[in-house]
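Participant: Sharing run-v7.txt, compact mmCIF, C-alpha atoms:
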```txt
# COMPACT_ATOMS: atom_id res chain seq x y z
CA MET P 1 -3.34 11.17 -39.19
CA GLN P 2 -3.45 7.77 -40.72
CA THR P 3 -6.18 5.39 -39.73
CA ILE P 4 -6.09 2.85 -42.53
CA PHE P 5 -2.40 2.20 -42.71
CA THR P 6 -1.12 1.43 -39.27
CA ARG P 7 2.54 1.08 -38.47
CA GLY P 8 4.16 -1.76 -36.62
CA PRO P 9 2.57 -5.02 -35.59
CA SER P 10 -1.20 -5.44 -35.77
CA LEU P 11 -3.41 -4.75 -32.78
CA ASN P 12 -3.96 -8.43 -32.06
CA ASN P 13 -0.24 -9.11 -32.05
CA ARG P 14 0.33 -6.17 -29.74
CA LEU P 15 -2.27 -7.47 -27.32
CA SER P 16 -0.80 -10.97 -27.34
CA LEU P 17 2.68 -9.56 -26.78
CA ALA P 18 1.48 -7.34 -23.90
CA LEU P 19 -0.44 -10.20 -22.27
CA VAL P 20 2.43 -12.67 -22.60
CA MET P 21 4.85 -10.14 -21.15
CA SER P 22 2.45 -9.33 -18.29
CA ILE P 23 2.03 -12.98 -17.42
CA ALA P 24 5.78 -13.56 -17.56
CA LEU P 25 6.29 -10.55 -15.27
CA ILE P 26 3.62 -11.74 -12.84
CA ILE P 27 5.14 -15.20 -12.65
CA VAL P 28 8.71 -13.98 -12.25
CA ASP P 29 7.73 -11.31 -9.74
CA HIS P 30 5.27 -13.24 -7.66
CA LYS P 31 6.38 -16.85 -7.81
CA PHE P 32 10.15 -16.45 -8.00
CA ASP P 33 10.49 -13.01 -6.43
CA GLY P 34 12.89 -12.15 -9.25
CA PHE P 35 12.59 -8.38 -9.10
CA SER P 36 13.30 -7.66 -5.45
CA THR P 37 16.34 -5.51 -6.26
CA THR P 38 14.95 -4.08 -9.50
CA ARG P 39 11.79 -3.00 -7.72
CA GLY P 40 13.90 -0.93 -5.36
CA TYR P 41 15.32 1.02 -8.30
CA LEU P 42 11.93 1.31 -9.97
CA ASN P 43 10.47 2.63 -6.73
CA SER P 44 13.15 5.30 -6.49
CA LEU P 45 12.45 6.17 -10.11
CA MET P 46 8.75 6.62 -9.35
CA SER P 47 9.17 8.40 -6.02
CA PRO P 48 8.96 11.92 -7.57
CA LEU P 49 5.38 11.09 -8.59
CA GLN P 50 4.65 10.11 -5.02
CA TYR P 51 6.07 13.39 -3.73
CA VAL P 52 3.95 15.31 -6.25
CA ALA P 53 0.84 13.35 -5.26
CA ASN P 54 1.54 14.23 -1.65
CA LEU P 55 1.83 17.98 -2.29
CA PRO P 56 -1.86 18.98 -1.99
CA GLY P 57 -2.17 17.23 1.35
CA GLU P 58 1.05 18.81 2.58
CA MET P 59 -0.19 22.23 1.51
CA LEU P 60 -3.50 21.70 3.30
CA ASN P 61 -1.64 20.70 6.44
CA TRP P 62 0.63 23.67 6.12
CA SER P 63 -2.19 26.17 5.69
CA ALA P 64 -4.11 24.53 8.53
CA GLU P 65 -1.06 25.06 10.72
CA ARG P 66 -0.85 28.72 9.65
CA VAL P 67 -4.42 29.55 10.53
CA THR P 68 -4.76 27.80 13.89
CA SER P 69 -5.72 30.35 16.45
CA GLN P 70 -3.62 31.16 19.46
CA GLN P 71 -6.30 29.76 21.74
CA GLN P 72 -6.16 26.40 20.03
CA LEU P 73 -2.41 26.40 20.34
CA ILE P 74 -2.57 27.24 24.03
CA ALA P 75 -5.13 24.50 24.63
CA GLU P 76 -3.03 22.01 22.71
CA ASN P 77 0.10 23.06 24.56
CA GLU P 78 -1.62 22.57 27.88
CA TYR P 79 -2.88 19.15 26.84
CA LEU P 80 0.55 18.08 25.65
CA ASN P 81 2.19 19.31 28.84
CA ASN P 82 -0.25 17.26 30.89
CA GLN P 83 0.43 14.23 28.75
CA LEU P 84 4.16 14.73 29.15
CA LEU P 85 3.78 14.95 32.91
CA LEU P 86 1.84 11.69 33.02
CA ALA P 87 4.30 10.00 30.68
CA ASN P 88 7.25 11.23 32.73
CA GLU P 89 5.72 9.89 35.89
CA GLN P 90 5.43 6.48 34.28
CA LEU P 91 8.94 6.79 32.92
CA GLN P 92 10.34 7.32 36.42
CA ARG P 93 8.81 4.09 37.56
CA PHE P 94 9.92 2.44 34.32
CA GLN P 95 13.53 3.36 35.03
CA LEU P 96 13.29 1.80 38.46
CA LEU P 97 11.70 -1.35 37.10
CA LYS P 98 14.25 -1.56 34.32
CA ASN P 99 17.13 -1.43 36.78
CA GLU P 100 15.48 -4.02 38.93
CA ASN P 101 14.82 -6.23 35.93
CA ASP P 102 18.41 -5.89 34.77
CA GLN P 103 19.64 -6.92 38.21
CA LEU P 104 17.32 -9.92 38.27
CA ARG P 105 18.42 -10.92 34.81
CA ALA P 106 22.04 -10.58 35.85
CA LEU P 107 21.31 -12.87 38.81
CA LEU P 108 19.78 -15.40 36.43
CA ALA P 109 22.69 -14.97 34.01
CA ALA P 110 20.22 -14.12 31.24
CA PRO P 111 21.36 -11.63 28.56
CA LEU P 112 20.32 -8.04 29.26
CA ARG P 113 17.76 -6.28 27.11
CA GLN P 114 19.38 -3.52 25.13
CA GLU P 115 18.16 -0.17 24.00
CA MET P 116 17.54 -0.07 20.27
CA ARG P 117 18.04 2.55 17.67
CA LYS P 118 14.77 4.21 16.58
CA THR P 119 13.82 6.80 14.09
CA VAL P 120 10.59 8.60 13.25
CA ALA P 121 9.19 8.37 9.73
CA GLU P 122 6.22 10.08 8.15
CA LEU P 123 3.47 8.56 6.11
CA MET P 124 3.68 9.53 2.44
CA ALA P 125 1.01 7.54 0.68
CA VAL P 126 -1.63 4.96 1.42
CA ASP P 127 -2.31 2.53 -1.37
CA ASN P 128 -5.81 2.70 -2.71
CA ASN P 129 -5.43 -0.84 -3.94
CA PRO P 130 -8.31 -2.49 -2.07
CA PHE P 131 -6.71 -5.92 -2.23
CA SER P 132 -3.61 -5.17 -0.22
CA HIS P 133 -2.81 -2.95 2.71
CA GLN P 134 0.41 -1.12 2.10
CA ILE P 135 1.69 2.33 2.94
CA VAL P 136 4.70 4.32 1.76
CA ILE P 137 6.93 6.11 4.25
CA ASN P 138 9.51 8.83 3.69
CA LYS P 139 12.59 6.91 4.83
CA GLY P 140 14.62 4.64 2.59
CA ASN P 141 18.00 3.17 1.85
CA SER P 142 19.75 6.42 2.75
CA ASP P 143 18.41 6.10 6.31
CA ASP P 144 19.50 2.44 6.64
CA VAL P 145 15.98 1.10 6.36
CA TYR P 146 16.07 -2.62 5.57
CA VAL P 147 13.59 -5.19 4.33
CA SER P 148 11.48 -6.79 7.11
CA GLN P 149 12.16 -3.95 9.54
CA SER P 150 9.43 -3.42 12.16
CA VAL P 151 7.24 -0.32 11.98
CA LEU P 152 5.21 0.95 14.95
CA ASP P 153 2.99 3.87 15.81
CA ASP P 154 2.34 5.28 19.28
CA LYS P 155 -0.19 2.54 20.09
CA GLY P 156 1.24 -0.64 18.62
CA VAL P 157 2.72 -2.58 15.76
CA VAL P 158 1.84 -1.29 12.28
CA GLY P 159 3.66 -3.68 9.98
CA GLN P 160 6.96 -4.45 8.35
CA VAL P 161 9.01 -2.99 5.52
CA ILE P 162 8.78 -5.00 2.31
CA GLU P 163 10.52 -2.81 -0.27
CA VAL P 164 13.21 -0.19 0.15
CA GLY P 165 13.81 2.63 -2.33
CA SER P 166 16.47 5.30 -1.96
CA THR P 167 14.30 7.80 -0.06
CA THR P 168 11.03 5.95 0.38
CA SER P 169 10.01 2.48 1.42
CA ARG P 170 6.90 0.41 1.37
CA VAL P 171 5.34 -1.08 4.50
CA LEU P 172 2.99 -4.04 4.61
CA LEU P 173 0.35 -3.58 7.34
CA ILE P 174 -0.48 -6.34 9.80
CA THR P 175 -4.05 -6.43 8.44
CA ASP P 176 -2.97 -7.45 4.94
CA VAL P 177 -4.21 -10.93 4.03
CA THR P 178 -0.67 -12.08 3.30
CA HIS P 179 0.73 -10.93 6.63
CA ALA P 180 1.11 -12.94 9.80
CA ILE P 181 2.81 -12.03 13.05
CA PRO P 182 3.73 -14.23 16.04
CA VAL P 183 2.26 -12.92 19.29
CA ARG P 184 1.59 -13.98 22.83
CA SER P 185 -1.19 -13.08 25.18
CA GLN P 186 -0.11 -10.51 27.75
CA ARG P 187 -2.26 -12.11 30.42
CA ASN P 188 -0.94 -15.67 30.29
CA SER P 189 1.82 -15.78 27.64
CA ILE P 190 0.07 -18.29 25.37
CA ARG P 191 1.49 -18.06 21.87
CA PHE P 192 -0.65 -17.33 18.80
CA ILE P 193 -0.27 -16.32 15.19
CA VAL P 194 -2.18 -13.20 14.15
CA THR P 195 -3.04 -13.02 10.45
CA GLY P 196 -4.49 -10.12 8.51
CA SER P 197 -8.13 -10.16 7.45
CA GLY P 198 -8.11 -7.65 4.58
CA THR P 199 -10.08 -5.07 6.58
CA LEU P 200 -8.24 -2.37 8.48
CA ASP P 201 -9.88 -2.89 11.85
CA GLU P 202 -9.72 -6.64 12.19
CA VAL P 203 -7.18 -9.46 12.42
CA TYR P 204 -7.71 -13.17 12.99
CA LEU P 205 -6.12 -15.66 15.34
CA GLU P 206 -5.94 -18.92 13.46
CA HIS P 207 -5.55 -22.53 14.51
CA VAL P 208 -6.45 -21.95 18.14
CA ALA P 209 -7.87 -24.99 19.91
CA HIS P 210 -11.21 -24.66 21.71
CA SER P 211 -9.65 -25.34 25.08
CA VAL P 212 -7.15 -22.48 24.96
CA ASP P 213 -7.61 -19.87 27.67
CA ILE P 214 -8.33 -16.67 25.77
CA LYS P 215 -10.92 -14.02 26.58
CA VAL P 216 -12.36 -10.93 24.98
CA GLY P 217 -10.19 -7.98 25.98
CA ASP P 218 -6.89 -9.87 26.12
CA ILE P 219 -3.98 -7.83 24.82
CA LEU P 220 -1.69 -9.58 22.35
CA VAL P 221 1.97 -8.52 22.26
CA THR P 222 4.74 -9.56 19.89
CA SER P 223 6.49 -12.68 21.06
CA GLY P 224 9.82 -12.06 19.34
CA LEU P 225 9.66 -15.48 17.74
CA GLY P 226 10.26 -15.46 14.01
CA ASN P 227 13.04 -12.89 14.43
CA VAL P 228 11.24 -10.13 12.60
CA PHE P 229 9.47 -8.15 15.31
CA PRO P 230 11.24 -7.43 18.59
CA GLU P 231 9.54 -8.78 21.68
CA GLY P 232 6.93 -7.05 23.79
CA TYR P 233 5.18 -4.53 21.55
CA PRO P 234 1.36 -4.49 21.65
CA VAL P 235 -0.34 -5.74 18.49
CA ALA P 236 -4.07 -6.25 18.99
CA GLN P 237 -6.88 -6.68 21.46
CA VAL P 238 -9.21 -9.67 21.26
CA THR P 239 -12.74 -8.58 20.31
CA SER P 240 -14.60 -11.83 19.84
CA VAL P 241 -14.14 -15.49 20.70
CA VAL P 242 -16.54 -17.99 19.14
CA ARG P 243 -16.14 -21.57 20.28
CA ASP P 244 -18.25 -23.55 17.85
CA GLU P 245 -17.51 -27.21 18.61
CA SER P 246 -18.54 -28.29 15.11
CA ARG P 247 -15.50 -26.54 13.74
CA PRO P 248 -11.94 -27.77 14.24
CA PHE P 249 -10.70 -24.51 15.75
CA ALA P 250 -12.15 -21.61 17.68
CA SER P 251 -12.71 -18.53 15.53
CA ILE P 252 -11.16 -15.54 17.24
CA SER P 253 -10.87 -12.03 15.93
CA ALA P 254 -9.03 -9.07 17.33
CA GLN P 255 -8.68 -5.37 16.66
CA PRO P 256 -5.24 -3.91 15.90
CA LEU P 257 -4.17 -1.43 18.56
CA ALA P 258 -2.31 0.78 16.08
CA LYS P 259 -4.64 3.31 14.44
CA LEU P 260 -4.10 1.93 10.95
CA ASP P 261 -6.61 4.21 9.26
CA ARG P 262 -5.15 7.41 10.67
CA LEU P 263 -1.41 6.89 10.62
CA LYS P 264 0.80 9.95 10.39
CA HIS P 265 4.01 9.52 12.35
CA LEU P 266 5.59 6.10 12.49
CA MET P 267 8.57 4.66 14.30
CA LEU P 268 11.20 2.41 12.74
CA LEU P 269 13.18 0.07 15.00
CA TRP P 270 16.66 -1.30 14.68
CA PRO P 271 16.99 -4.19 17.12
CA GLU P 272 20.55 -4.16 18.44
CA ALA P 273 22.10 -6.94 16.37
CA GLU P 274 20.91 -5.13 13.29
CA ALA P 275 22.67 -1.89 14.16
CA GLU P 276 26.09 -3.18 13.11
CA THR P 277 24.98 -5.03 10.01
CA THR P 278 22.60 -2.63 8.29
CA GLU P 279 25.31 -1.67 5.80
CA GLY P 280 24.28 -4.18 3.13
CA SER P 281 20.59 -3.64 3.89
CA ASP P 282 19.90 -6.67 1.78
CA ASP P 283 17.78 -9.71 2.35
CA SER P 284 20.81 -11.20 4.05
CA THR P 285 20.53 -8.75 6.92
CA ALA P 286 16.82 -9.30 7.14
CA ILE P 287 17.32 -13.00 7.72
CA THR P 288 20.29 -12.54 10.03
CA VAL P 289 19.30 -14.18 13.25
CA ARG P 290 19.37 -11.50 15.84
CA ARG P 291 20.77 -12.42 19.20
CA ASP P 292 17.38 -12.82 20.66
CA ASN P 293 16.29 -10.35 23.23
CA ASP P 294 15.68 -12.97 25.84
CA MET T 1 6.53 18.10 -34.30
CA ILE T 2 6.33 14.61 -32.92
CA ASN T 3 7.85 15.56 -29.59
CA ARG T 4 5.18 18.07 -28.64
CA HIS T 5 2.40 15.58 -29.36
CA ILE T 6 4.04 12.88 -27.31
CA GLY T 7 4.82 15.45 -24.62
CA ILE T 8 1.18 16.48 -24.18
CA ILE T 9 0.00 12.87 -24.07
CA SER T 10 2.66 11.91 -21.53
CA VAL T 11 1.88 14.90 -19.32
CA SER T 12 -1.81 13.99 -19.25
CA LEU T 13 -0.94 10.40 -18.38
CA VAL T 14 1.44 11.47 -15.61
CA ILE T 15 -1.28 13.70 -14.14
CA ALA T 16 -3.64 10.73 -14.28
CA LEU T 17 -1.09 8.58 -12.43
CA VAL T 18 -0.66 11.26 -9.76
CA LEU T 19 -4.44 11.52 -9.31
CA GLN T 20 -4.58 7.75 -9.06
CA ILE T 21 -2.16 7.60 -6.10
CA MET T 22 -3.05 10.88 -4.38
CA PRO T 23 -3.87 10.26 -0.71
CA MET T 24 -7.57 10.71 0.01
CA PRO T 25 -9.73 10.36 3.12
CA ILE T 26 -10.54 6.71 3.64
CA GLN T 27 -14.29 7.24 3.16
CA ALA T 28 -13.76 8.83 -0.24
CA ASP T 29 -11.07 6.44 -1.32
CA VAL T 30 -13.36 3.65 -2.52
CA TYR T 31 -15.02 6.08 -4.94
CA ARG T 32 -11.81 7.17 -6.65
CA PRO T 33 -12.35 7.06 -10.44
CA ASP T 34 -9.89 5.12 -12.61
CA TRP T 35 -8.10 8.20 -13.88
CA VAL T 36 -5.48 6.31 -15.86
CA LEU T 37 -8.11 4.23 -17.62
CA LEU T 38 -10.14 7.36 -18.49
CA VAL T 39 -7.19 9.26 -19.95
CA LEU T 40 -5.91 6.23 -21.85
CA ALA T 41 -9.42 5.59 -23.16
CA TYR T 42 -9.70 9.14 -24.47
CA TRP T 43 -6.37 9.06 -26.29
CA THR T 44 -7.07 5.61 -27.69
CA MET T 45 -10.33 6.82 -29.16
CA ALA T 46 -8.89 10.10 -30.43
CA LEU T 47 -5.48 8.96 -31.67
CA PRO T 48 -5.43 5.17 -31.90
CA ASN T 49 -2.27 5.24 -33.98
CA ARG T 50 -0.36 6.90 -31.14
CA VAL T 51 -1.89 5.42 -28.02
CA ASN T 52 -3.00 1.83 -27.85
CA VAL T 53 -2.04 -1.42 -26.17
CA GLY T 54 1.69 -0.60 -25.87
CA VAL T 55 1.15 2.64 -23.96
CA ALA T 56 -1.48 0.92 -21.81
CA PHE T 57 1.05 -1.78 -20.95
CA ILE T 58 3.66 0.79 -19.86
CA CYS T 59 1.12 2.76 -17.79
CA GLY T 60 0.06 -0.50 -16.18
CA LEU T 61 3.64 -1.23 -15.17
CA ALA T 62 3.94 2.25 -13.65
CA MET T 63 0.74 1.60 -11.68
CA ASP T 64 2.06 -1.76 -10.49
CA ILE T 65 5.15 -0.07 -9.12
CA LEU T 66 3.23 2.82 -7.55
CA LEU T 67 0.53 0.63 -6.02
CA GLY T 68 2.84 -2.17 -4.96
CA THR T 69 1.02 -4.99 -6.73
CA ALA T 70 2.87 -7.83 -8.41
CA LEU T 71 4.48 -6.47 -11.59
CA GLY T 72 2.25 -7.16 -14.58
CA VAL T 73 -1.17 -7.23 -12.90
CA HIS T 74 -2.32 -3.75 -13.87
CA SER T 75 -0.56 -3.91 -17.23
CA PHE T 76 -2.49 -7.09 -18.05
CA ALA T 77 -5.86 -5.58 -17.14
CA LEU T 78 -5.21 -2.22 -18.83
CA SER T 79 -3.95 -3.88 -22.02
CA ILE T 80 -7.14 -5.90 -22.33
CA ALA T 81 -9.42 -2.91 -21.67
CA ILE T 82 -7.57 -0.68 -24.13
CA TYR T 83 -7.48 -3.44 -26.73
CA VAL T 84 -11.28 -3.56 -26.72
CA LEU T 85 -11.40 0.20 -27.23
CA ALA T 86 -8.73 0.29 -29.92
CA ALA T 87 -10.45 -2.44 -31.88
CA ASN T 88 -13.75 -0.51 -31.91
CA TYR T 89 -12.64 3.12 -31.88
CA GLN T 90 -14.36 4.06 -35.14
CA ARG T 91 -17.75 2.95 -33.87
CA LEU T 92 -17.25 4.46 -30.40
CA ARG T 93 -16.29 7.86 -31.76
CA ASN T 94 -19.77 8.24 -33.24
CA TYR T 95 -21.53 7.59 -29.97
CA SER T 96 -22.84 10.42 -27.83
CA VAL T 97 -20.88 11.23 -24.72
CA TRP T 98 -23.32 9.44 -22.42
CA GLN T 99 -23.30 6.34 -24.58
CA GLN T 100 -19.54 6.45 -24.41
CA ALA T 101 -19.80 6.78 -20.65
CA ILE T 102 -21.76 3.53 -20.51
CA VAL T 103 -19.14 1.81 -22.64
CA ILE T 104 -16.45 3.18 -20.32
CA ALA T 105 -18.36 1.81 -17.35
CA LEU T 106 -18.50 -1.63 -18.94
CA LEU T 107 -14.79 -1.45 -19.70
CA GLY T 108 -14.11 -0.31 -16.15
CA ALA T 109 -16.04 -3.28 -14.83
CA LEU T 110 -14.02 -5.59 -17.08
CA TYR T 111 -10.81 -3.93 -15.88
CA HIS T 112 -11.68 -4.33 -12.21
CA LEU T 113 -12.86 -7.90 -12.62
CA VAL T 114 -9.65 -8.87 -14.43
CA LEU T 115 -7.66 -7.15 -11.66
CA PHE T 116 -9.63 -8.99 -9.02
CA TRP T 117 -9.33 -12.31 -10.82
CA LEU T 118 -5.54 -12.00 -11.24
CA GLN T 119 -4.99 -10.99 -7.64
CA HIS T 120 -7.31 -13.74 -6.49
CA LEU T 121 -5.03 -16.22 -8.23
CA LEU T 122 -1.98 -14.72 -6.51
CA THR T 123 -3.28 -14.18 -2.99
CA SER T 124 -6.41 -15.31 -1.21
CA ILE T 125 -8.65 -12.27 -1.41
CA TYR T 126 -12.41 -12.16 -1.49
CA PHE T 127 -14.73 -10.11 -3.61
CA GLN T 128 -16.49 -7.15 -2.03
CA PHE T 129 -18.99 -4.99 -3.80
CA ASP T 130 -16.94 -1.92 -2.84
CA TYR T 131 -14.39 -2.83 -5.50
CA LEU T 132 -16.85 -1.79 -8.19
CA TRP T 133 -17.63 1.75 -6.97
CA PRO T 134 -14.91 3.23 -9.23
CA VAL T 135 -16.87 1.92 -12.22
CA LEU T 136 -19.76 4.21 -11.36
CA THR T 137 -17.64 7.26 -10.57
CA SER T 138 -15.57 6.76 -13.73
CA MET T 139 -18.78 6.74 -15.73
CA LEU T 140 -19.92 10.00 -14.13
CA ILE T 141 -16.52 11.64 -14.60
CA TRP T 142 -16.13 10.56 -18.23
CA PRO T 143 -18.09 13.40 -19.94
CA TRP T 144 -16.04 16.01 -18.10
CA ALA T 145 -12.73 14.23 -18.65
CA PHE T 146 -13.67 13.87 -22.31
CA TRP T 147 -14.49 17.56 -22.62
CA LEU T 148 -11.27 18.63 -20.89
CA LEU T 149 -9.03 16.31 -22.88
CA ARG T 150 -10.68 17.26 -26.16
CA ARG T 151 -10.11 20.94 -25.40
CA THR T 152 -6.49 20.16 -24.56
CA ARG T 153 -6.07 18.22 -27.77
CA ARG T 154 -7.56 20.98 -29.93
CA ARG T 155 -5.78 23.75 -28.08
CA PHE T 156 -2.36 22.15 -28.56
CA LYS T 157 -3.26 20.60 -31.93
CA VAL T 158 -2.13 17.15 -30.84
CA SER T 159 -2.45 14.66 -33.66
```
Do you think you could lay out the structure here as structure tokens?

Facilitator:
Amino acid sequence: MQTIFTRGPSLNNRLSLALVMSIALIIVDHKFDGFSTTRGYLNSLMSPLQYVANLPGEMLNWSAERVTSQQQLIAENEYLNNQLLLANEQLQRFQLLKNENDQLRALLAAPLRQEMRKTVAELMAVDNNPFSHQIVINKGNSDDVYVSQSVLDDKGVVGQVIEVGSTTSRVLLITDVTHAIPVRSQRNSIRFIVTGSGTLDEVYLEHVAHSVDIKVGDILVTSGLGNVFPEGYPVAQVTSVVRDESRPFASISAQPLAKLDRLKHLMLLWPEAEAETTEGSDDSTAITVRRDND
Amino acid sequence: MINRHIGIISVSLVIALVLQIMPMPIQADVYRPDWVLLVLAYWTMALPNRVNVGVAFICGLAMDILLGTALGVHSFALSIAIYVLAANYQRLRNYSVWQQAIVIALLGALYHLVLFWLQHLLTSIYFQFDYLWPVLTSMLIWPWAFWLLRRTRRRFKVS
């Protein structure tokens, strides 16, 4: 091995080249968003690594499933049956209310709310990058996933898709510092913007005047404004309201209803206008103004 | 046999990348060592003519894609950290393993601070002490990683 005679450019030149290229990449990627399509390809290229990284967890799950005792299964079965019964009971009433609502809307000549296409995705990876909250799911371009699609779990809104690979896609959580979501209070329909805080169990409501009627325990649901999230899905519950008159706005924090630290199964939504235009699955479809649900 | 040498190095780096993104329980996640930095550091010290800033740059890009950061952030930080090592490899080789571990910890701190600083410029994030736990775990893992990689290198006669 040669240590005195090195080949190629000197170490200093290599460093300068690497740093200049990194900075150029950062600027192009972050400021001009120049790699949105390339990143899709790169993600697909890297997805085998993600599948490999997921293997040990999958194997643990699999062996845990093999060794569960019959008693546990019976208990779980019983629990699930009870849950189903309760859910069905609510569903019966829901059907009635839905019909009634449709009739009322028809009377008012308002457009009817439509059923949307849904699909279940599984969590593949959680980013250990402490500065951003992103997860990877096992659905991608081949399942018509598109950028800015809404992602939910069984309790509430989880986030939105930001990058689509061929079989995987990346989801930005609502708690990420760069994420904001338009909501309204379920109690009195006042509109707010919920922004991420950078910690998984907290979000902030910003620019809320002191006089606004909001209380601890209020449920915030998506308002459907902004045309990204469909209307009416629960997002967060208000946990603290501090009205310090020396500050311009009240400082309000809330807790996301989705269990963001223990996600496993997720739901992807296709609001109805999207169903016909997912073909391109480009930014163009993401911006397409959906015929709003109301 | 150039291909076998490059093969072994690439395999070790791919394993490091997989370890870096492997899902872990959220309580253990903040303590995850910087596997990629450790493996790159070993190869830079052992074979600086094969692995140095260029390889670090490429690994950084792979990490940017896998972790979903802006392209170039990890490659910037890794290039700087590996540059420091590559410029001083002859001195560092003569250190004992624990002295090396301290150097690795300092490098890890540099790496994380550069990462934080870059991302702070891009988005409004705030520093938490938790971000520096990997520095400590990397330091504790280093002697074992060093031992394992040295055995691998001697076993397969990588040069």

Participant: Find the distance between CA of Ser253 (chain P) and CA of Ser197 (chain P) and write it in Å to one decimal.

Facilitator: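 So the two atoms, CA of Ser253 (chain P) and CA of Ser197 (chain P), lie 9.1 Å apart.
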
Participant: Find the spatial neighbours of region 100-105 of chain T, counting only C-alpha atoms, within a cut-off of 12 Å - ignore same-chain residues fewer than 2 positions away - and output them as a PDB file with C-alpha atoms, in the frame of the given file.

Facilitator:
```pdb
ATOM      1  CA  PRO T  33     -12.350   7.060 -10.440  1.00  0.00           C
ATOM      2  CA  ASP T  34      -9.890   5.120 -12.610  1.00  0.00           C
ATOM      3  CA  TRP T  35      -8.100   8.200 -13.880  1.00  0.00           C
ATOM      4  CA  LEU T  37      -8.110   4.230 -17.620  1.00  0.00           C
ATOM      5  CA  LEU T  38     -10.140   7.360 -18.490  1.00  0.00           C
ATOM      6  CA  VAL T  39      -7.190   9.260 -19.950  1.00  0.00           C
ATOM      7  CA  LEU T  40      -5.910   6.230 -21.850  1.00  0.00           C
ATOM      8  CA  ALA T  41      -9.420   5.590 -23.160  1.00  0.00           C
ATOM      9  CA  TYR T  42      -9.700   9.140 -24.470  1.00  0.00           C
ATOM     10  CA  MET T  45     -10.330   6.820 -29.160  1.00  0.00           C
ATOM     11  CA  ALA T  81      -9.420  -2.910 -21.670  1.00  0.00           C
ATOM     12  CA  ILE T  82      -7.570  -0.680 -24.130  1.00  0.00           C
ATOM     13  CA  VAL T  84     -11.280  -3.560 -26.720  1.00  0.00           C
ATOM     14  CA  LEU T  85     -11.400   0.200 -27.230  1.00  0.00           C
ATOM     15  CA  ASN T  88     -13.750  -0.510 -31.910  1.00  0.00           C
ATOM     16  CA  TYR T  89     -12.640   3.120 -31.880  1.00  0.00           C
ATOM     17  CA  ARG T  91     -17.750   2.950 -33.870  1.00  0.00           C
ATOM     18  CA  LEU T  92     -17.250   4.460 -30.400  1.00  0.00           C
ATOM     19  CA  ARG T  93     -16.290   7.860 -31.760  1.00  0.00           C
ATOM     20  CA  ASN T  94     -19.770   8.240 -33.240  1.00  0.00           C
ATOM     21  CA  TYR T  95     -21.530   7.590 -29.970  1.00  0.00           C
ATOM     22  CA  SER T  96     -22.840  10.420 -27.830  1.00  0.00           C
ATOM     23  CA  VAL T  97     -20.880  11.230 -24.720  1.00  0.00           C
ATOM     24  CA  TRP T  98     -23.320   9.440 -22.420  1.00  0.00           C
ATOM     25  CA  LEU T 107     -14.790  -1.450 -19.700  1.00  0.00           C
ATOM     26  CA  GLY T 108     -14.110  -0.310 -16.150  1.00  0.00           C
ATOM     27  CA  ALA T 109     -16.040  -3.280 -14.830  1.00  0.00           C
ATOM     28  CA  LEU T 110     -14.020  -5.590 -17.080  1.00  0.00           C
ATOM     29  CA  TYR T 111     -10.810  -3.930 -15.880  1.00  0.00           C
ATOM     30  CA  HIS T 112     -11.680  -4.330 -12.210  1.00  0.00           C
ATOM     31  CA  LEU T 132     -16.850  -1.790  -8.190  1.00  0.00           C
ATOM     32  CA  TRP T 133     -17.630   1.750  -6.970  1.00  0.00           C
ATOM     33  CA  PRO T 134     -14.910   3.230  -9.230  1.00  0.00           C
ATOM     34  CA  VAL T 135     -16.870   1.920 -12.220  1.00  0.00           C
ATOM     35  CA  LEU T 136     -19.760   4.210 -11.360  1.00  0.00           C
ATOM     36  CA  THR T 137     -17.640   7.260 -10.570  1.00  0.00           C
ATOM     37  CA  SER T 138     -15.570   6.760 -13.730  1.00  0.00           C
ATOM     38  CA  MET T 139     -18.780   6.740 -15.730  1.00  0.00           C
ATOM     39  CA  LEU T 140     -19.920  10.000 -14.130  1.00  0.00           C
ATOM     40  CA  ILE T 141     -16.520  11.640 -14.600  1.00  0.00           C
ATOM     41  CA  TRP T 142     -16.130  10.560 -18.230  1.00  0.00           C
ATOM     42  CA  PRO T 143     -18.090  13.400 -19.940  1.00  0.00           C
ATOM     43  CA  TRP T 144     -16.040  16.010 -18.100  1.00  0.00           C
ATOM     44  CA  ALA T 145     -12.730  14.230 -18.650  1.00  0.00           C
ATOM     45  CA  PHE T 146     -13.670  13.870 -22.310  1.00  0.00           C
TER      46      PHE T 146
END
```

Participant: What does the distance from CA of Asn188 (chain P) to CA of Ser223 (chain P) come to in Å, to one decimal?

Facilitator: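 Separation of CA of Asn188 (chain P) and CA of Ser223 (chain P): 12.2 Å.
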
Participant: Please build the interface table for chain P against chain T with a cut-off of 6 Å, listing for each qualifying residue the nearest atom pair and the distance in Å to one decimal; count all atoms listed in the file, order rows by chain and increasing number, and write it as CSV.

Facilitator:
```
residue,atom,partner,partner_atom,distance
P:Leu19,CA,T:Phe76,CA,5.6
P:Ser22,CA,T:Gly72,CA,4.3
P:Leu25,CA,T:Gly72,CA,5.3
P:Ile26,CA,T:Gly72,CA,5.1
P:His30,CA,T:Ala70,CA,6.0
P:Ala53,CA,T:Met22,CA,4.7
P:Ala125,CA,T:Pro23,CA,5.8
P:Asp127,CA,T:Leu67,CA,5.8
```

Participant: If you measure from CA of Leu266 (chain P) to CA of Glu122 (chain P), what distance in Å do you get, rounded to one decimal?

Facilitator: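 Interatomic distance here is 5.9 Å.
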
Participant: Show me, as a list of chain:residue names, the residues that have an atom within 8 Å of region 257-262 of chain P when counting all atoms listed in the file, minus same-chain residues fewer than 4 positions from it.

Facilitator: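 Using all atoms listed in the file, the neighbours found are P:Leu152, P:Asp153, P:Asp154, P:Lys155, P:Gly156, P:Val157, P:Val158, P:Leu173, P:Leu200, P:Asp201, P:Pro234, P:Val235, P:Ala236, P:Gln237, T:Ile26.
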